[in-house]
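Trainee: Pasting my_file-v9.cif here (mmCIF, C-alpha atoms):
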data_protein
#
loop_
_atom_site.label_atom_id
_atom_site.label_comp_id
_atom_site.auth_asym_id
_atom_site.auth_seq_id
_atom_site.Cartn_x
_atom_site.Cartn_y
_atom_site.Cartn_z
CA MET A 1 76.38 108.12 211.78
CA PHE A 2 80.02 107.28 211.00
CA LEU A 3 79.16 103.69 209.94
CA GLN A 4 76.34 104.99 207.76
CA GLU A 5 78.79 107.33 205.99
CA VAL A 6 81.30 104.49 205.49
CA ASN A 7 78.56 102.31 203.96
CA ARG A 8 77.50 105.18 201.70
CA LEU A 9 81.07 105.59 200.45
CA LEU A 10 81.61 101.85 199.94
CA THR A 11 78.31 100.89 198.33
CA GLY A 12 76.75 104.19 197.36
CA LEU A 13 73.13 105.13 197.61
CA ASN A 14 70.31 103.78 195.53
CA CYS A 15 67.48 106.25 194.92
CA GLY A 16 68.69 108.12 198.00
CA LYS A 17 68.65 105.06 200.28
CA GLU A 18 71.21 102.51 201.41
CA LEU A 19 71.29 99.21 199.56
CA GLU A 20 69.03 96.50 200.95
CA ALA A 21 70.44 93.00 201.45
CA ILE A 22 68.05 90.32 200.23
CA ALA A 23 67.73 86.70 201.28
CA LEU A 24 68.85 83.98 198.88
CA PRO A 25 67.33 80.52 198.52
CA GLU A 26 68.74 77.75 200.69
CA SER A 27 69.92 75.89 197.59
CA ALA A 28 72.24 78.80 196.74
CA THR A 29 73.56 79.32 200.27
CA SER A 30 74.15 75.58 200.59
CA LEU A 31 76.24 75.56 197.40
CA SER A 32 78.17 78.55 198.73
CA ALA A 33 78.93 76.81 202.02
CA THR A 34 79.82 73.49 200.39
CA HIS A 35 82.12 74.94 197.73
CA GLY A 36 83.61 77.83 199.71
CA PHE A 37 82.56 80.89 197.74
CA ASP A 38 81.12 84.17 198.99
CA LEU A 39 77.55 84.97 198.05
CA GLN A 40 75.80 88.32 198.48
CA ALA A 41 72.56 89.76 197.15
CA TYR A 42 71.25 93.32 197.18
CA SER A 43 68.17 95.07 195.92
CA PHE A 44 68.62 98.06 193.62
CA HIS A 45 65.63 100.22 192.85
CA ALA A 46 65.06 102.50 189.89
CA ASP A 47 62.87 105.51 189.36
CA LYS A 48 59.39 104.51 188.23
CA GLU A 49 58.72 104.85 184.54
CA VAL A 50 55.57 106.39 183.16
CA ILE A 51 54.95 103.97 180.29
CA ARG A 52 56.27 100.59 181.48
CA GLU A 53 55.31 98.59 184.52
CA PRO A 54 58.10 97.90 187.04
CA ARG A 55 59.89 94.58 186.65
CA VAL A 56 62.54 92.64 188.47
CA VAL A 57 65.79 91.84 186.67
CA ARG A 58 68.29 89.73 188.58
CA VAL A 59 71.93 90.31 187.61
CA GLY A 60 74.67 88.03 188.89
CA LEU A 61 78.38 88.88 188.93
CA ILE A 62 81.12 86.28 189.28
CA GLN A 63 84.67 87.09 190.35
CA ASN A 64 86.51 83.78 190.51
CA SER A 65 90.10 82.96 191.37
CA ILE A 66 92.48 80.46 189.84
CA ALA A 67 91.95 76.83 190.76
CA LEU A 68 95.44 75.44 190.13
CA PRO A 69 98.93 76.96 190.31
CA THR A 70 99.87 78.88 187.15
CA THR A 71 102.66 76.34 186.62
CA ALA A 72 100.06 73.64 185.83
CA HIS A 73 99.38 72.72 182.19
CA PHE A 74 96.99 75.10 180.40
CA VAL A 75 94.41 72.38 179.75
CA ASP A 76 94.38 71.39 183.42
CA GLN A 77 94.08 75.01 184.57
CA LYS A 78 91.11 75.68 182.29
CA LYS A 79 89.31 72.47 183.33
CA ALA A 80 89.87 73.31 187.00
CA ILE A 81 88.43 76.81 186.53
CA PHE A 82 85.38 75.33 184.75
CA GLU A 83 84.86 72.96 187.70
CA LYS A 84 85.26 75.83 190.14
CA VAL A 85 82.60 78.03 188.50
CA LYS A 86 80.02 75.23 188.00
CA PRO A 87 78.55 75.48 191.53
CA ILE A 88 78.73 79.28 191.40
CA ILE A 89 76.67 79.29 188.20
CA ASP A 90 74.28 76.77 189.77
CA ALA A 91 73.85 79.11 192.76
CA ALA A 92 73.09 81.99 190.39
CA GLY A 93 70.60 79.85 188.50
CA SER A 94 68.83 78.68 191.64
CA SER A 95 68.60 82.33 192.72
CA GLY A 96 66.72 83.23 189.54
CA VAL A 97 69.48 85.29 187.93
CA ASN A 98 68.44 86.61 184.50
CA ILE A 99 71.82 87.99 183.38
CA LEU A 100 75.07 86.43 184.59
CA CYS A 101 78.34 88.31 184.05
CA LEU A 102 81.67 86.56 184.43
CA GLN A 103 84.91 88.44 184.97
CA GLU A 104 87.31 89.48 182.23
CA ALA A 105 89.21 86.46 180.87
CA TRP A 106 87.45 84.28 183.46
CA MET A 107 88.65 81.04 181.88
CA MET A 108 92.33 81.66 182.65
CA PRO A 109 94.62 83.21 185.25
CA PHE A 110 94.67 86.97 184.71
CA ALA A 111 97.67 87.52 182.48
CA ILE A 112 96.51 90.23 180.10
CA CYS A 113 98.77 92.77 181.79
CA THR A 114 101.88 90.73 180.88
CA ARG A 115 103.63 90.42 177.55
CA ASP A 116 104.29 86.71 178.09
CA LYS A 117 103.08 85.01 174.88
CA ARG A 118 102.58 81.65 176.57
CA TRP A 119 99.28 82.89 178.00
CA CYS A 120 97.95 82.99 174.42
CA GLU A 121 97.55 79.22 174.80
CA PHE A 122 94.28 80.02 176.60
CA ALA A 123 92.90 81.89 173.57
CA GLU A 124 89.98 80.21 171.82
CA PRO A 125 87.43 81.01 169.10
CA VAL A 126 84.19 82.79 170.06
CA ASP A 127 82.34 79.47 169.77
CA GLY A 128 85.11 77.56 171.56
CA GLU A 129 85.27 75.49 174.71
CA SER A 130 84.20 78.22 177.16
CA THR A 131 81.13 79.15 175.13
CA LYS A 132 80.17 75.50 174.70
CA PHE A 133 80.54 75.01 178.46
CA LEU A 134 78.28 77.98 179.27
CA ARG A 135 75.59 77.34 176.62
CA SER A 136 74.07 74.50 178.63
CA TYR A 137 73.81 76.74 181.70
CA ALA A 138 72.14 79.50 179.69
CA LEU A 139 69.54 76.97 178.53
CA LYS A 140 69.17 75.24 181.90
CA TYR A 141 68.54 78.45 183.83
CA ASN A 142 66.98 80.56 181.05
CA MET A 143 69.64 83.23 181.57
CA VAL A 144 71.81 85.43 179.40
CA ILE A 145 75.51 84.94 180.13
CA ILE A 146 78.25 87.49 179.45
CA SER A 147 81.47 85.52 178.99
CA PRO A 148 84.62 87.64 178.55
CA ILE A 149 87.30 85.42 177.00
CA LEU A 150 90.70 85.68 175.38
CA GLU A 151 89.61 85.16 171.76
CA ARG A 152 91.67 83.71 168.92
CA ASP A 153 90.08 85.09 165.73
CA MET A 154 90.51 82.21 163.30
CA ASN A 155 89.09 84.26 160.40
CA HIS A 156 91.70 87.01 160.64
CA GLY A 157 95.12 85.42 161.02
CA GLU A 158 94.54 84.21 164.60
CA VAL A 159 94.53 87.75 166.00
CA ILE A 160 94.09 87.69 169.79
CA TRP A 161 91.21 89.77 171.19
CA ASN A 162 89.84 90.48 174.64
CA THR A 163 86.23 89.60 173.77
CA ALA A 164 82.95 89.48 175.67
CA VAL A 165 80.71 86.77 174.21
CA VAL A 166 76.99 87.28 174.88
CA ILE A 167 75.20 83.93 175.13
CA GLY A 168 71.41 84.15 174.90
CA ASN A 169 68.99 82.32 177.17
CA HIS A 170 68.46 79.77 174.36
CA GLY A 171 72.19 78.93 174.32
CA ASN A 172 72.91 80.84 171.13
CA ILE A 173 75.57 83.51 170.64
CA ILE A 174 73.65 86.78 170.37
CA GLY A 175 76.63 89.12 170.22
CA ILE A 176 80.29 89.82 170.89
CA HIS A 177 82.21 92.90 171.95
CA ARG A 178 85.95 93.22 171.41
CA LYS A 179 88.20 95.69 173.15
#
Translate the structure of the given file into structure tokens.
Mentor:
Amino acid sequence: MFLQEVNRLLTGLNCGKELEAIALPESATSLSATHGFDLQAYSFHADKEVIREPRVVRVGLIQNSIALPTTAHFVDQKKAIFEKVKPIIDAAGSSGVNILCLQEAWMMPFAICTRDKRWCEFAEPVDGESTKFLRSYALKYNMVIISPILERDMNHGEVIWNTAVVIGNHGNIIGIHRK
């Protein structure tokens, strides 16, 4: 009973029941083992609708860490993070993920809470390097990708924004949200 209550507090209930772990394809678990990242999958249910038939939507969430020390050159850090997330995105794609969400400012060490201007070197336009990198994955796996970046708005005096770029399953930018 105690363990059940701990699980309820940690993961919540879904339609009054505990979350159900689901099996992932061997291709995804193999990538996880080879590249040293944690992989978990759970089933969430929703109340049945009257008008629409039930459907399955697979949502993937990525929380990555830095790949090089923060003393490394910005270009090297960004390239290393791209290399680090490639197999994670491949695991999501092989698992049939429809919507993939990366973490805030995923393409850099988390520095938004500092006032150190040097981190602005990671800022890029909405259609910059990170978006170009992810477009091919959106196409390859027919998935929508939410890519929160540090944006440099070239049309408005290079203002820096914390922006989520929404890349459609055809590789096109279908929206942005700035905070």
Trainee: Specify as a list of chain:residue names each residue included when the PyMOL selection byres ((chain A and resi 90-99) around 7) is applied to this file.
Mentor: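 Applying the expression gives A:Leu24, A:Pro25, A:Ser27, A:Ala28, A:Leu31, A:Val57, A:Arg58, A:Val59, A:Gly60, A:Lys86, A:Pro87, A:Ile88, A:Ile89, A:Leu100, A:Cys101, A:Tyr141, A:Met143, A:Val144, A:Ile145.
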Trainee: For Ala123 (chain A), please output as a PyMOL selection string all residues within 7 Å (counting all atoms listed in the file; exclusion window: fewer than 3 positions along the same chain).
Mentor: chain A and resi 120+150-152
Trainee: Export C-alpha atoms of the chosen residues as an mmCIF file, in the coordinates of the input?
Mentor:
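The resulting file, result_0.cif, is reproduced below:
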data_model
loop_
_atom_site.group_PDB
_atom_site.id
_atom_site.type_symbol
_atom_site.label_atom_id
_atom_site.label_comp_id
_atom_site.auth_asym_id
_atom_site.auth_seq_id
_atom_site.Cartn_x
_atom_site.Cartn_y
_atom_site.Cartn_z
ATOM 1 C CA CYS A 120 97.950 82.990 174.420
ATOM 2 C CA LEU A 150 90.700 85.680 175.380
ATOM 3 C CA GLU A 151 89.610 85.160 171.760
ATOM 4 C CA ARG A 152 91.670 83.710 168.920
#
Trainee: Name the residues that the PyMOL selection byres ((chain A and resi 172) around 12) pulls out of this structure, and write them as a list in words.
Mentor: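 Answer for the PyMOL selection byres ((chain A and resi 172) around 12): Val126, Asp127, Thr131, Lys132, Leu134, Arg135, Ser136, Tyr137, Ala138, Leu139, Asn142, Met143, Val144, Ile145, Ile146, Val165, Val166, Ile167, Gly168, Asn169, His170, Gly171, Ile173, Ile174, Gly175 and Ile176 of chain A.
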Trainee: Measure the distance from CA of Glu20 (chain A) to CA of Lys140 (chain A) in Å and round it to one decimal.
Mentor: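 Here the two named atoms are 28.5 Å from each other.
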Trainee: Nearest to Glu158 (chain A): which of A:Arg52, A:Asp47, A:Pro125, A:Ala80 is it, counting only C-alpha atoms?
Mentor: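 Ranking A:Arg52, A:Asp47, A:Pro125, A:Ala80 by distance to Glu158 (chain A), first place goes to A:Pro125.
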Trainee: Selection in question (the file shown): the PyMOL selection byres ((chain A and resi 110) around 12). Which residues does it include, as a list in words?
Mentor: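 Evaluating the PyMOL selection byres ((chain A and resi 110) around 12) on this file yields Gln63, Asn64, Ser65, Ile66, Thr70, Gln77, Gln103, Glu104, Ala105, Trp106, Met107, Met108, Pro109, Ala111, Ile112, Cys113, Thr114, Arg115, Asp116, Trp119, Cys120, Phe122, Pro148, Ile149, Leu150 and Asn162 of chain A.
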Trainee: Could you write those residues out with C-alpha atoms, as a PDB file, keeping the file's coordinate frame?
Mentor:
ATOM      1  CA  GLN A  63      84.670  87.090 190.350  1.00  0.00           C
ATOM      2  CA  ASN A  64      86.510  83.780 190.510  1.00  0.00           C
ATOM      3  CA  SER A  65      90.100  82.960 191.370  1.00  0.00           C
ATOM      4  CA  ILE A  66      92.480  80.460 189.840  1.00  0.00           C
ATOM      5  CA  THR A  70      99.870  78.880 187.150  1.00  0.00           C
ATOM      6  CA  GLN A  77      94.080  75.010 184.570  1.00  0.00           C
ATOM      7  CA  GLN A 103      84.910  88.440 184.970  1.00  0.00           C
ATOM      8  CA  GLU A 104      87.310  89.480 182.230  1.00  0.00           C
ATOM      9  CA  ALA A 105      89.210  86.460 180.870  1.00  0.00           C
ATOM     10  CA  TRP A 106      87.450  84.280 183.460  1.00  0.00           C
ATOM     11  CA  MET A 107      88.650  81.040 181.880  1.00  0.00           C
ATOM     12  CA  MET A 108      92.330  81.660 182.650  1.00  0.00           C
ATOM     13  CA  PRO A 109      94.620  83.210 185.250  1.00  0.00           C
ATOM     14  CA  ALA A 111      97.670  87.520 182.480  1.00  0.00           C
ATOM     15  CA  ILE A 112      96.510  90.230 180.100  1.00  0.00           C
ATOM     16  CA  CYS A 113      98.770  92.770 181.790  1.00  0.00           C
ATOM     17  CA  THR A 114     101.880  90.730 180.880  1.00  0.00           C
ATOM     18  CA  ARG A 115     103.630  90.420 177.550  1.00  0.00           C
ATOM     19  CA  ASP A 116     104.290  86.710 178.090  1.00  0.00           C
ATOM     20  CA  TRP A 119      99.280  82.890 178.000  1.00  0.00           C
ATOM     21  CA  CYS A 120      97.950  82.990 174.420  1.00  0.00           C
ATOM     22  CA  PHE A 122      94.280  80.020 176.600  1.00  0.00           C
ATOM     23  CA  PRO A 148      84.620  87.640 178.550  1.00  0.00           C
ATOM     24  CA  ILE A 149      87.300  85.420 177.000  1.00  0.00           C
ATOM     25  CA  LEU A 150      90.700  85.680 175.380  1.00  0.00           C
ATOM     26  CA  ASN A 162      89.840  90.480 174.640  1.00  0.00           C
TER      27      ASN A 162
END
Trainee: Choose the residue, out of A:Pro54, A:Ala46, A:Thr34, A:Leu39, that has the smallest atom-to-atom separation from Gly16 (chain A); count all atoms listed in the file.
Mentor: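 Going through A:Pro54, A:Ala46, A:Thr34, A:Leu39 one by one, the smallest distance to Gly16 (chain A) is for A:Ala46.
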Trainee: Enter the distance from CA of Lys84 (chain A) to CA of Gly36 (chain A), in Å, rounded to one decimal.
Mentor: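 Separation of CA of Lys84 (chain A) and CA of Gly36 (chain A): 9.9 Å.
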Trainee: Given the choices A:Trp161, A:Arg118, A:Arg55, A:His45, which gets closest to His73 (chain A) if the distance is worked out from only C-alpha atoms?
Mentor: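 Closest candidate: A:Arg118.
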Trainee: Could you add the missing atoms to region 159-175 of chain A, up to N, CA and C atoms, and return them as a PDB file, keeping the file's coordinate frame?
Mentor:
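Output below, filename part.pdb:
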ATOM      1  N   VAL A 159      94.352  86.562 165.161  1.00  0.00           N
ATOM      2  CA  VAL A 159      94.530  87.750 166.000  1.00  0.00           C
ATOM      3  C   VAL A 159      93.923  87.448 167.370  1.00  0.00           C
ATOM      4  N   ILE A 160      94.580  87.903 168.426  1.00  0.00           N
ATOM      5  CA  ILE A 160      94.090  87.690 169.790  1.00  0.00           C
ATOM      6  C   ILE A 160      93.305  88.924 170.225  1.00  0.00           C
ATOM      7  N   TRP A 161      92.096  88.702 170.723  1.00  0.00           N
ATOM      8  CA  TRP A 161      91.210  89.770 171.190  1.00  0.00           C
ATOM      9  C   TRP A 161      90.791  89.502 172.633  1.00  0.00           C
ATOM     10  N   ASN A 162      90.497  90.558 173.338  1.00  0.00           N
ATOM     11  CA  ASN A 162      89.840  90.480 174.640  1.00  0.00           C
ATOM     12  C   ASN A 162      88.352  90.682 174.328  1.00  0.00           C
ATOM     13  N   THR A 163      87.587  89.597 174.318  1.00  0.00           N
ATOM     14  CA  THR A 163      86.230  89.600 173.770  1.00  0.00           C
ATOM     15  C   THR A 163      85.207  89.175 174.812  1.00  0.00           C
ATOM     16  N   ALA A 164      84.095  89.898 174.857  1.00  0.00           N
ATOM     17  CA  ALA A 164      82.950  89.480 175.670  1.00  0.00           C
ATOM     18  C   ALA A 164      81.950  88.807 174.731  1.00  0.00           C
ATOM     19  N   VAL A 165      81.683  87.528 174.981  1.00  0.00           N
ATOM     20  CA  VAL A 165      80.710  86.770 174.210  1.00  0.00           C
ATOM     21  C   VAL A 165      79.385  86.832 174.963  1.00  0.00           C
ATOM     22  N   VAL A 166      78.316  87.205 174.265  1.00  0.00           N
ATOM     23  CA  VAL A 166      76.990  87.280 174.880  1.00  0.00           C
ATOM     24  C   VAL A 166      76.220  86.039 174.431  1.00  0.00           C
ATOM     25  N   ILE A 167      75.918  85.172 175.398  1.00  0.00           N
ATOM     26  CA  ILE A 167      75.200  83.930 175.130  1.00  0.00           C
ATOM     27  C   ILE A 167      73.751  84.141 175.558  1.00  0.00           C
ATOM     28  N   GLY A 168      72.830  83.949 174.616  1.00  0.00           N
ATOM     29  CA  GLY A 168      71.410  84.150 174.900  1.00  0.00           C
ATOM     30  C   GLY A 168      70.831  83.049 175.762  1.00  0.00           C
ATOM     31  N   ASN A 169      69.635  83.287 176.289  1.00  0.00           N
ATOM     32  CA  ASN A 169      68.990  82.320 177.170  1.00  0.00           C
ATOM     33  C   ASN A 169      68.569  81.038 176.442  1.00  0.00           C
ATOM     34  N   HIS A 170      68.720  80.992 175.125  1.00  0.00           N
ATOM     35  CA  HIS A 170      68.460  79.770 174.360  1.00  0.00           C
ATOM     36  C   HIS A 170      69.769  79.055 174.015  1.00  0.00           C
ATOM     37  N   GLY A 171      70.889  79.554 174.541  1.00  0.00           N
ATOM     38  CA  GLY A 171      72.190  78.930 174.320  1.00  0.00           C
ATOM     39  C   GLY A 171      72.893  79.388 173.058  1.00  0.00           C
ATOM     40  N   ASN A 172      72.310  80.344 172.362  1.00  0.00           N
ATOM     41  CA  ASN A 172      72.910  80.840 171.130  1.00  0.00           C
ATOM     42  C   ASN A 172      73.772  82.076 171.400  1.00  0.00           C
ATOM     43  N   ILE A 173      74.740  82.311 170.526  1.00  0.00           N
ATOM     44  CA  ILE A 173      75.570  83.510 170.640  1.00  0.00           C
ATOM     45  C   ILE A 173      74.758  84.658 170.037  1.00  0.00           C
ATOM     46  N   ILE A 174      74.461  85.662 170.856  1.00  0.00           N
ATOM     47  CA  ILE A 174      73.650  86.780 170.370  1.00  0.00           C
ATOM     48  C   ILE A 174      74.485  88.042 170.145  1.00  0.00           C
ATOM     49  N   GLY A 175      75.771  87.978 170.476  1.00  0.00           N
ATOM     50  CA  GLY A 175      76.630  89.120 170.220  1.00  0.00           C
ATOM     51  C   GLY A 175      78.017  88.923 170.789  1.00  0.00           C
TER      52      GLY A 175
END
